[in-house]
>>> print(open('work-v7.csv').read())   # CSV, N, CA and C atoms
chain,number,residue,atom,x,y,z
H,1,MET,N,0.8,-1.2,0.0
H,1,MET,CA,0.0,0.0,0.0
H,1,MET,C,0.9,1.2,0.0
H,2,ILE,N,0.5,2.2,-0.8
H,2,ILE,CA,1.2,3.5,-0.7
H,2,ILE,C,0.3,4.6,-0.3
H,3,PHE,N,0.6,5.4,0.7
H,3,PHE,CA,-0.2,6.4,1.2
H,3,PHE,C,0.5,7.7,1.1
H,4,THR,N,-0.2,8.8,0.9
H,4,THR,CA,0.4,10.1,1.0
H,4,THR,C,-0.1,10.8,2.2
H,5,LEU,N,0.7,11.2,3.2
H,5,LEU,CA,0.3,11.8,4.4
H,5,LEU,C,0.6,13.3,4.2
H,6,VAL,N,-0.4,14.2,4.3
H,6,VAL,CA,-0.2,15.6,4.0
H,6,VAL,C,-0.7,16.4,5.2
H,7,GLY,N,0.1,17.5,5.4
H,7,GLY,CA,-0.3,18.4,6.5
H,7,GLY,C,-0.4,19.8,5.9
H,8,CYS,N,-0.9,20.8,6.7
H,8,CYS,CA,-0.9,22.2,6.2
H,8,CYS,C,0.3,22.9,6.8
H,9,LYS,N,1.1,23.5,6.0
H,9,LYS,CA,2.3,24.1,6.4
H,9,LYS,C,2.2,25.6,6.6
H,10,GLN,N,2.8,26.0,7.7
H,10,GLN,CA,3.0,27.4,8.0
H,10,GLN,C,4.5,27.6,8.0
H,11,ASP,N,5.0,28.8,7.6
H,11,ASP,CA,6.4,29.0,7.5
H,11,ASP,C,7.2,28.8,8.8
H,12,ASP,N,6.6,29.0,9.9
H,12,ASP,CA,7.4,28.8,11.2
H,12,ASP,C,7.3,27.4,11.7
H,13,MET,N,6.6,26.5,11.0
H,13,MET,CA,6.5,25.1,11.5
H,13,MET,C,7.5,24.2,10.8
H,14,LYS,N,7.8,23.1,11.5
H,14,LYS,CA,8.8,22.2,10.9
H,14,LYS,C,8.3,21.5,9.6
H,15,GLU,N,9.2,21.1,8.8
H,15,GLU,CA,8.8,20.5,7.5
H,15,GLU,C,8.9,19.0,7.5
H,16,GLU,N,9.5,18.4,8.5
H,16,GLU,CA,9.6,16.9,8.6
H,16,GLU,C,8.7,16.5,9.7
H,17,TYR,N,8.2,15.3,9.5
H,17,TYR,CA,7.2,14.7,10.5
H,17,TYR,C,7.6,13.2,10.7
H,18,THR,N,7.4,12.8,11.9
H,18,THR,CA,7.7,11.4,12.2
H,18,THR,C,6.4,10.6,12.3
H,19,ILE,N,6.3,9.5,11.6
H,19,ILE,CA,5.2,8.6,11.7
H,19,ILE,C,5.7,7.4,12.5
H,20,LYS,N,5.0,7.1,13.6
H,20,LYS,CA,5.3,5.9,14.5
H,20,LYS,C,4.2,4.9,14.2
H,21,PHE,N,4.5,3.6,14.4
H,21,PHE,CA,3.6,2.5,14.1
H,21,PHE,C,3.4,1.7,15.4
H,22,GLU,N,2.2,1.5,15.8
H,22,GLU,CA,1.9,0.6,16.9
H,22,GLU,C,1.1,-0.6,16.3
H,23,ALA,N,1.8,-1.7,16.2
H,23,ALA,CA,1.3,-2.9,15.5
H,23,ALA,C,0.5,-3.9,16.4
H,24,ASP,N,0.7,-3.7,17.7
H,24,ASP,CA,0.0,-4.6,18.7
H,24,ASP,C,0.2,-6.0,18.5
H,25,ASN,N,1.5,-6.4,18.1
H,25,ASN,CA,1.8,-7.8,17.9
H,25,ASN,C,3.2,-8.1,18.2
H,26,GLY,N,3.9,-7.2,18.8
H,26,GLY,CA,5.3,-7.5,19.2
H,26,GLY,C,6.3,-7.1,18.1
H,27,VAL,N,5.8,-6.8,16.9
H,27,VAL,CA,6.7,-6.4,15.8
H,27,VAL,C,7.0,-4.9,16.0
H,28,VAL,N,8.2,-4.6,15.9
H,28,VAL,CA,8.6,-3.2,16.0
H,28,VAL,C,9.0,-2.7,14.7
H,29,TYR,N,8.3,-1.6,14.2
H,29,TYR,CA,8.6,-1.0,13.0
H,29,TYR,C,9.3,0.3,13.2
H,30,GLU,N,10.3,0.5,12.4
H,30,GLU,CA,11.1,1.8,12.5
H,30,GLU,C,10.2,3.0,12.2
H,31,ASP,N,10.4,4.1,12.9
H,31,ASP,CA,9.7,5.3,12.6
H,31,ASP,C,10.0,5.8,11.2
H,32,VAL,N,9.1,6.4,10.6
H,32,VAL,CA,9.4,7.0,9.3
H,32,VAL,C,9.3,8.5,9.4
H,33,VAL,N,10.4,9.1,8.9
H,33,VAL,CA,10.4,10.6,8.8
H,33,VAL,C,10.0,11.0,7.4
H,34,ILE,N,9.0,11.9,7.3
H,34,ILE,CA,8.5,12.3,6.0
H,34,ILE,C,8.6,13.8,5.9
H,35,ASP,N,8.6,14.2,4.6
H,35,ASP,CA,8.4,15.6,4.3
H,35,ASP,C,7.0,15.9,3.9
H,36,LYS,N,6.6,17.1,3.9
H,36,LYS,CA,5.2,17.4,3.5
H,36,LYS,C,4.9,16.8,2.2
H,37,GLN,N,3.7,16.2,2.1
H,37,GLN,CA,3.2,15.5,0.9
H,37,GLN,C,4.0,14.4,0.4
H,38,GLN,N,4.8,13.8,1.2
H,38,GLN,CA,5.7,12.7,0.7
H,38,GLN,C,4.8,11.4,0.9
H,39,ALA,N,4.8,10.6,-0.2
H,39,ALA,CA,4.2,9.3,-0.2
H,39,ALA,C,5.1,8.3,0.5
H,40,ILE,N,4.5,7.5,1.4
H,40,ILE,CA,5.2,6.4,2.0
H,40,ILE,C,4.5,5.1,1.9
H,41,GLU,N,5.3,4.0,1.9
H,41,GLU,CA,4.6,2.7,1.9
H,41,GLU,C,4.5,2.2,3.3
H,42,LEU,N,3.2,2.0,3.7
H,42,LEU,CA,3.0,1.5,5.1
H,42,LEU,C,3.2,0.1,5.2
H,43,PRO,N,3.8,-0.4,6.3
H,43,PRO,CA,4.0,-1.8,6.5
H,43,PRO,C,2.7,-2.6,6.7
H,44,GLU,N,2.7,-3.8,6.3
H,44,GLU,CA,1.5,-4.7,6.5
H,44,GLU,C,1.9,-5.8,7.5
H,45,PRO,N,1.6,-5.6,8.8
H,45,PRO,CA,2.0,-6.6,9.8
H,45,PRO,C,1.1,-7.8,9.7
H,46,THR,N,1.6,-8.8,10.3
H,46,THR,CA,0.8,-10.1,10.5
H,46,THR,C,0.7,-10.4,12.0
H,47,LYS,N,-0.4,-11.0,12.3
H,47,LYS,CA,-0.6,-11.4,13.7
H,47,LYS,C,-1.4,-12.7,13.7
H,48,LYS,N,-0.8,-13.8,14.3
H,48,LYS,CA,-1.5,-15.1,14.2
H,48,LYS,C,-2.9,-15.1,14.8
H,49,GLY,N,-3.8,-15.6,14.0
H,49,GLY,CA,-5.2,-15.6,14.4
H,49,GLY,C,-6.0,-14.4,14.1
H,50,TYR,N,-5.4,-13.4,13.4
H,50,TYR,CA,-6.1,-12.1,13.2
H,50,TYR,C,-5.8,-11.7,11.7
H,51,LYS,N,-6.8,-10.9,11.2
H,51,LYS,CA,-6.6,-10.3,9.9
H,51,LYS,C,-6.3,-8.9,10.0
H,52,PHE,N,-5.3,-8.4,9.3
H,52,PHE,CA,-4.9,-6.9,9.4
H,52,PHE,C,-5.9,-6.2,8.5
H,53,LEU,N,-6.6,-5.2,9.2
H,53,LEU,CA,-7.6,-4.4,8.4
H,53,LEU,C,-7.1,-3.0,7.9
H,54,GLY,N,-6.0,-2.6,8.5
H,54,GLY,CA,-5.4,-1.3,8.1
H,54,GLY,C,-4.8,-0.5,9.2
H,55,TRP,N,-4.3,0.6,8.9
H,55,TRP,CA,-3.7,1.5,9.9
H,55,TRP,C,-4.7,2.6,10.2
H,56,ALA,N,-4.9,3.0,11.5
H,56,ALA,CA,-5.8,4.0,11.9
H,56,ALA,C,-5.1,5.1,12.6
H,57,ILE,N,-5.7,6.3,12.6
H,57,ILE,CA,-5.1,7.4,13.4
H,57,ILE,C,-5.5,7.5,14.8
H,58,ASP,N,-6.4,6.5,15.2
H,58,ASP,CA,-6.9,6.4,16.6
H,58,ASP,C,-6.9,5.0,17.0
H,59,LYS,N,-6.7,4.7,18.3
H,59,LYS,CA,-6.5,3.3,18.8
H,59,LYS,C,-7.8,2.5,18.5
H,60,LYS,N,-8.9,3.0,18.4
H,60,LYS,CA,-10.2,2.3,18.3
H,60,LYS,C,-10.5,2.0,16.8
H,61,GLY,N,-9.7,2.5,15.9
H,61,GLY,CA,-9.9,2.3,14.5
H,61,GLY,C,-11.1,3.0,13.9
H,62,LYS,N,-11.5,4.1,14.5
H,62,LYS,CA,-12.7,4.8,13.9
H,62,LYS,C,-12.4,5.4,12.6
H,63,GLU,N,-11.1,5.8,12.4
H,63,GLU,CA,-10.7,6.4,11.1
H,63,GLU,C,-9.5,5.7,10.5
H,64,LEU,N,-9.7,4.8,9.6
H,64,LEU,CA,-8.6,4.1,8.9
H,64,LEU,C,-7.9,5.0,7.9
H,65,CYS,N,-6.6,4.9,7.8
H,65,CYS,CA,-5.9,5.6,6.8
H,65,CYS,C,-6.2,5.1,5.4
H,66,THR,N,-6.3,6.0,4.4
H,66,THR,CA,-6.5,5.6,3.0
H,66,THR,C,-5.4,6.2,2.2
H,67,PRO,N,-5.3,5.9,0.9
H,67,PRO,CA,-4.3,6.6,0.1
H,67,PRO,C,-4.4,8.1,0.1
H,68,THR,N,-5.6,8.6,0.4
H,68,THR,CA,-5.8,10.1,0.4
H,68,THR,C,-5.9,10.7,1.8
H,69,THR,N,-5.5,10.0,2.8
H,69,THR,CA,-5.5,10.5,4.2
H,69,THR,C,-4.7,11.8,4.3
H,70,LYS,N,-5.3,12.8,4.8
H,70,LYS,CA,-4.6,14.1,5.1
H,70,LYS,C,-4.7,14.4,6.5
H,71,PHE,N,-3.7,15.0,7.1
H,71,PHE,CA,-3.7,15.4,8.5
H,71,PHE,C,-3.8,16.9,8.5
H,72,ASP,N,-4.6,17.4,9.4
H,72,ASP,CA,-4.9,18.9,9.4
H,72,ASP,C,-3.8,19.7,10.1
H,73,ARG,N,-2.9,19.0,10.8
H,73,ARG,CA,-1.8,19.7,11.5
H,73,ARG,C,-0.5,19.0,11.2
H,74,GLU,N,0.5,19.8,11.2
H,74,GLU,CA,1.8,19.2,10.9
H,74,GLU,C,2.5,18.9,12.2
H,75,ILE,N,2.2,17.7,12.7
H,75,ILE,CA,2.7,17.2,13.9
H,75,ILE,C,3.1,15.7,13.7
H,76,ASN,N,3.9,15.2,14.6
H,76,ASN,CA,4.2,13.8,14.5
H,76,ASN,C,2.9,13.0,14.8
H,77,HIS,N,2.8,11.8,14.1
H,77,HIS,CA,1.6,11.0,14.3
H,77,HIS,C,2.0,9.6,14.6
H,78,THR,N,1.1,8.9,15.3
H,78,THR,CA,1.2,7.5,15.6
H,78,THR,C,0.0,6.8,14.9
H,79,LEU,N,0.3,5.8,14.1
H,79,LEU,CA,-0.7,5.0,13.4
H,79,LEU,C,-0.8,3.7,14.2
H,80,TYR,N,-2.1,3.2,14.3
H,80,TYR,CA,-2.4,2.0,15.1
H,80,TYR,C,-2.9,0.9,14.1
H,81,ALA,N,-2.3,-0.3,14.3
H,81,ALA,CA,-2.8,-1.4,13.5
H,81,ALA,C,-4.1,-1.9,14.0
H,82,ILE,N,-5.1,-2.1,13.1
H,82,ILE,CA,-6.4,-2.5,13.5
H,82,ILE,C,-6.6,-4.0,13.0
H,83,TRP,N,-7.1,-4.8,13.9
H,83,TRP,CA,-7.2,-6.3,13.6
H,83,TRP,C,-8.6,-6.8,13.8
H,84,ALA,N,-8.9,-7.8,13.1
H,84,ALA,CA,-10.2,-8.6,13.3
H,84,ALA,C,-9.8,-10.0,13.6
H,85,LYS,N,-10.4,-10.5,14.7
H,85,LYS,CA,-10.1,-11.9,15.1
H,85,LYS,C,-10.6,-12.9,14.0
H,86,GLU,N,-9.8,-13.8,13.6
H,86,GLU,CA,-10.2,-14.8,12.7
H,86,GLU,C,-10.9,-16.0,13.4
H,87,VAL,N,-11.9,-16.6,12.8
H,87,VAL,CA,-12.6,-17.7,13.3
H,87,VAL,C,-12.6,-18.8,12.3
H,88,GLU,N,-12.2,-20.0,12.7
H,88,GLU,CA,-12.2,-21.2,11.8
H,88,GLU,C,-13.6,-21.9,11.9
H,89,VAL,N,-14.2,-22.0,10.8
H,89,VAL,CA,-15.6,-22.7,10.7
H,89,VAL,C,-15.4,-24.0,10.0
H,90,LYS,N,-15.8,-25.1,10.7
H,90,LYS,CA,-15.7,-26.4,10.2
H,90,LYS,C,-17.0,-26.8,9.5
H,91,LEU,N,-16.9,-27.2,8.2
H,91,LEU,CA,-18.1,-27.6,7.5
H,91,LEU,C,-18.3,-29.1,7.6
H,92,GLU,N,-19.4,-29.5,8.2
H,92,GLU,CA,-19.7,-31.0,8.4
H,92,GLU,C,-20.3,-31.5,7.1
H,93,LEU,N,-19.6,-32.4,6.4
H,93,LEU,CA,-20.0,-32.8,5.1
H,93,LEU,C,-21.0,-34.0,5.0
H,94,ASN,N,-21.2,-34.7,6.1
H,94,ASN,CA,-22.2,-35.8,6.2
H,94,ASN,C,-21.9,-36.8,5.0
H,95,GLY,N,-20.7,-37.2,4.8
H,95,GLY,CA,-20.3,-38.1,3.8
H,95,GLY,C,-20.0,-37.5,2.5
H,96,GLY,N,-20.2,-36.2,2.3
H,96,GLY,CA,-19.9,-35.6,1.1
H,96,GLY,C,-18.4,-35.2,1.0
H,97,SER,N,-17.9,-34.6,0.0
H,97,SER,CA,-16.5,-34.3,-0.1
H,97,SER,C,-16.3,-32.9,-0.7
H,98,LEU,N,-15.3,-32.2,-0.2
H,98,LEU,CA,-14.8,-30.9,-0.6
H,98,LEU,C,-13.3,-31.0,-0.6
H,99,ASP,N,-12.6,-30.1,-1.3
H,99,ASP,CA,-11.2,-30.0,-1.3
H,99,ASP,C,-10.8,-29.6,0.2
H,100,LYS,N,-11.5,-28.8,0.8
H,100,LYS,CA,-11.2,-28.3,2.2
H,100,LYS,C,-12.5,-28.1,2.9
H,101,ASN,N,-12.5,-28.7,4.2
H,101,ASN,CA,-13.8,-28.6,4.9
H,101,ASN,C,-13.8,-27.6,6.0
H,102,THR,N,-12.9,-26.6,5.9
H,102,THR,CA,-12.9,-25.5,6.9
H,102,THR,C,-12.7,-24.2,6.1
H,103,ILE,N,-13.3,-23.1,6.7
H,103,ILE,CA,-13.1,-21.8,6.1
H,103,ILE,C,-12.7,-20.9,7.2
H,104,ILE,N,-12.0,-19.8,6.9
H,104,ILE,CA,-11.6,-18.8,7.9
H,104,ILE,C,-12.4,-17.6,7.6
H,105,LEU,N,-13.1,-17.1,8.7
H,105,LEU,CA,-13.8,-15.9,8.6
H,105,LEU,C,-13.3,-14.9,9.7
H,106,CYS,N,-13.7,-13.7,9.7
H,106,CYS,CA,-13.4,-12.8,10.7
H,106,CYS,C,-14.7,-12.6,11.5
H,107,GLU,N,-14.6,-12.3,12.8
H,107,GLU,CA,-15.7,-12.1,13.7
H,107,GLU,C,-16.5,-11.0,13.0
H,108,GLY,N,-17.9,-11.2,12.9
H,108,GLY,CA,-18.7,-10.2,12.3
H,108,GLY,C,-18.9,-10.3,10.8
H,109,ASP,N,-18.1,-11.2,10.2
H,109,ASP,CA,-18.3,-11.4,8.7
H,109,ASP,C,-19.7,-12.0,8.4
H,110,ILE,N,-20.2,-11.7,7.3
H,110,ILE,CA,-21.4,-12.3,6.8
H,110,ILE,C,-20.9,-13.5,5.9
H,111,ILE,N,-21.5,-14.7,6.2
H,111,ILE,CA,-21.0,-15.8,5.4
H,111,ILE,C,-21.8,-15.8,4.1
H,112,GLU,N,-21.0,-15.8,3.0
H,112,GLU,CA,-21.5,-15.8,1.6
H,112,GLU,C,-20.7,-16.8,0.8
H,113,ASN,N,-21.4,-17.3,-0.2
H,113,ASN,CA,-20.7,-18.1,-1.2
H,113,ASN,C,-20.0,-19.3,-0.6
H,114,LEU,N,-20.7,-20.1,0.2
H,114,LEU,CA,-20.1,-21.3,0.8
H,114,LEU,C,-20.0,-22.3,-0.3
H,115,PRO,N,-18.9,-23.2,-0.2
H,115,PRO,CA,-18.7,-24.2,-1.3
H,115,PRO,C,-19.8,-25.2,-1.3
H,116,THR,N,-19.9,-25.9,-2.4
H,116,THR,CA,-21.0,-26.9,-2.6
H,116,THR,C,-20.3,-28.3,-2.6
H,117,PRO,N,-20.5,-29.1,-1.6
H,117,PRO,CA,-19.9,-30.4,-1.6
H,117,PRO,C,-20.6,-31.4,-2.6
H,118,THR,N,-19.9,-32.4,-2.9
H,118,THR,CA,-20.5,-33.5,-3.8
H,118,THR,C,-20.6,-34.8,-3.0
H,119,LYS,N,-21.6,-35.6,-3.4
H,119,LYS,CA,-21.7,-36.9,-2.7
H,119,LYS,C,-22.4,-37.8,-3.8
H,120,ALA,N,-21.8,-38.9,-4.0
H,120,ALA,CA,-22.4,-39.9,-5.1
H,120,ALA,C,-23.8,-40.2,-4.7
H,121,GLY,N,-24.7,-40.1,-5.7
H,121,GLY,CA,-26.1,-40.5,-5.5
H,121,GLY,C,-26.9,-39.5,-4.7
H,122,ALA,N,-26.4,-38.3,-4.4
H,122,ALA,CA,-27.2,-37.3,-3.6
H,122,ALA,C,-27.1,-35.9,-4.2
H,123,GLU,N,-28.1,-35.2,-3.9
H,123,GLU,CA,-28.2,-33.8,-4.4
H,123,GLU,C,-28.0,-32.9,-3.2
H,124,PHE,N,-27.1,-31.9,-3.3
H,124,PHE,CA,-26.8,-31.0,-2.1
H,124,PHE,C,-27.9,-30.0,-2.1
H,125,LEU,N,-28.6,-29.9,-0.9
H,125,LEU,CA,-29.7,-29.0,-0.7
H,125,LEU,C,-29.3,-27.7,0.0
H,126,GLY,N,-28.2,-27.7,0.6
H,126,GLY,CA,-27.8,-26.5,1.3
H,126,GLY,C,-27.2,-26.7,2.7
H,127,TRP,N,-26.7,-25.7,3.3
H,127,TRP,CA,-26.1,-25.8,4.6
H,127,TRP,C,-27.1,-25.4,5.7
H,128,TYR,N,-26.9,-26.0,6.9
H,128,TYR,CA,-27.7,-25.6,8.0
H,128,TYR,C,-26.8,-25.6,9.3
H,129,THR,N,-27.3,-25.0,10.3
H,129,THR,CA,-26.5,-24.8,11.5
H,129,THR,C,-26.7,-25.7,12.6
H,130,GLU,N,-27.7,-26.6,12.5
H,130,GLU,CA,-28.0,-27.6,13.5
H,130,GLU,C,-28.0,-29.0,13.0
>>> encode(input="work-v7.csv", output="structure tokens")
Amino acid sequence: MIFTLVGCKQDDMKEEYTIKFEADNGVVYEDVVIDKQQAIELPEPTKKGYKFLGWAIDKKGKELCTPTTKFDREINHTLYAIWAKEVEVKLELNGGSLDKNTIILCEGDIIENLPTPTKAGAEFLGWYTE
């Protein structure tokens, strides 16, 4: 991902800004020093059992950074990694077959496009939860 972080410059303010990263997974990323309107490539961390959703300018992830994110003040910033917990769902095939009988979802995901298993002499009618 490449993002441009932009601030509003006044002549008496500094022209370099430090971006710090809090990945919440033990990985330490080096701070990035940028100039006004400099594009930077944001790291994409990994965390076992979680999906990385992006970097946010607040700890709760209310405002994720996008390639057009602009900051209204020229100050140093900390970006926070936002994660969604992954859940493994096992598909009970009742004698049918699939290449893989588990799928990984994130908490809160809507399940769509589940695979269709095959079974000799049977027609698949759908999935159920009980």
>>> atom_distance(input="work-v7.csv", atom1="atom N of H:Glu88", atom2="atom N of H:Tyr128")
16.9 Å
>>> residues_near_point(input="work-v7.csv", point="(-8.3, -2.3, 8.8)", cutoff="6 Å", atoms="all atoms listed in the file", output="MDAnalysis selection string")
chainID H and resid 52:55 82:83
>>> residues_around(input="work-v7.csv", residues="H:Ser97", least_positions_apart="4", cutoff="7 Å", atoms="only N, CA and C atoms", output="PyMOL selection string")
chain H and resi 93+116-119
>>> write_last_selection(input="work-v7.csv", atoms="N, CA and C atoms", output="CSV table (one decimal), in the frame of the given file")
chain,number,residue,atom,x,y,z
H,93,LEU,N,-19.6,-32.4,6.4
H,93,LEU,CA,-20.0,-32.8,5.1
H,93,LEU,C,-21.0,-34.0,5.0
H,116,THR,N,-19.9,-25.9,-2.4
H,116,THR,CA,-21.0,-26.9,-2.6
H,116,THR,C,-20.3,-28.3,-2.6
H,117,PRO,N,-20.5,-29.1,-1.6
H,117,PRO,CA,-19.9,-30.4,-1.6
H,117,PRO,C,-20.6,-31.4,-2.6
H,118,THR,N,-19.9,-32.4,-2.9
H,118,THR,CA,-20.5,-33.5,-3.8
H,118,THR,C,-20.6,-34.8,-3.0
H,119,LYS,N,-21.6,-35.6,-3.4
H,119,LYS,CA,-21.7,-36.9,-2.7
H,119,LYS,C,-22.4,-37.8,-3.8
>>> residues_around(input="work-v7.csv", residues="H:Leu105", least_positions_apart="2", cutoff="7 Å", atoms="all atoms listed in the file", output="list in words")
Lys85, Glu86, Val87, Glu88, Val89, Ile103, Glu107, Gly108 and Asp109 of chain H
>>> atom_distance(input="work-v7.csv", atom1="atom CA of H:Tyr17", atom2="atom CA of H:Leu79")
12.8 Å
>>> select_by_dssp(input="work-v7.csv", residues="chain H", states="strand (DSSP E)", output="VMD selection string")
chain H and resid 2 to 4 16 to 22 32 to 35 39 to 41 50 to 56 77 to 90 102 to 106
>>> atom_distance(input="work-v7.csv", atom1="atom CA of H:Ala84", atom2="atom CA of H:Ile19")
23.1 Å
>>> closest_residue(input="work-v7.csv", among="H:Asn113, H:Thr78, H:Thr69, H:Gln38", to="H:Glu22", atoms="all atoms listed in the file")
H:Thr78
>>> closest_residue(input="work-v7.csv", among="H:Ile111, H:Cys65, H:Ala120, H:Val33", to="H:Thr18", atoms="all atoms listed in the file")
H:Val33
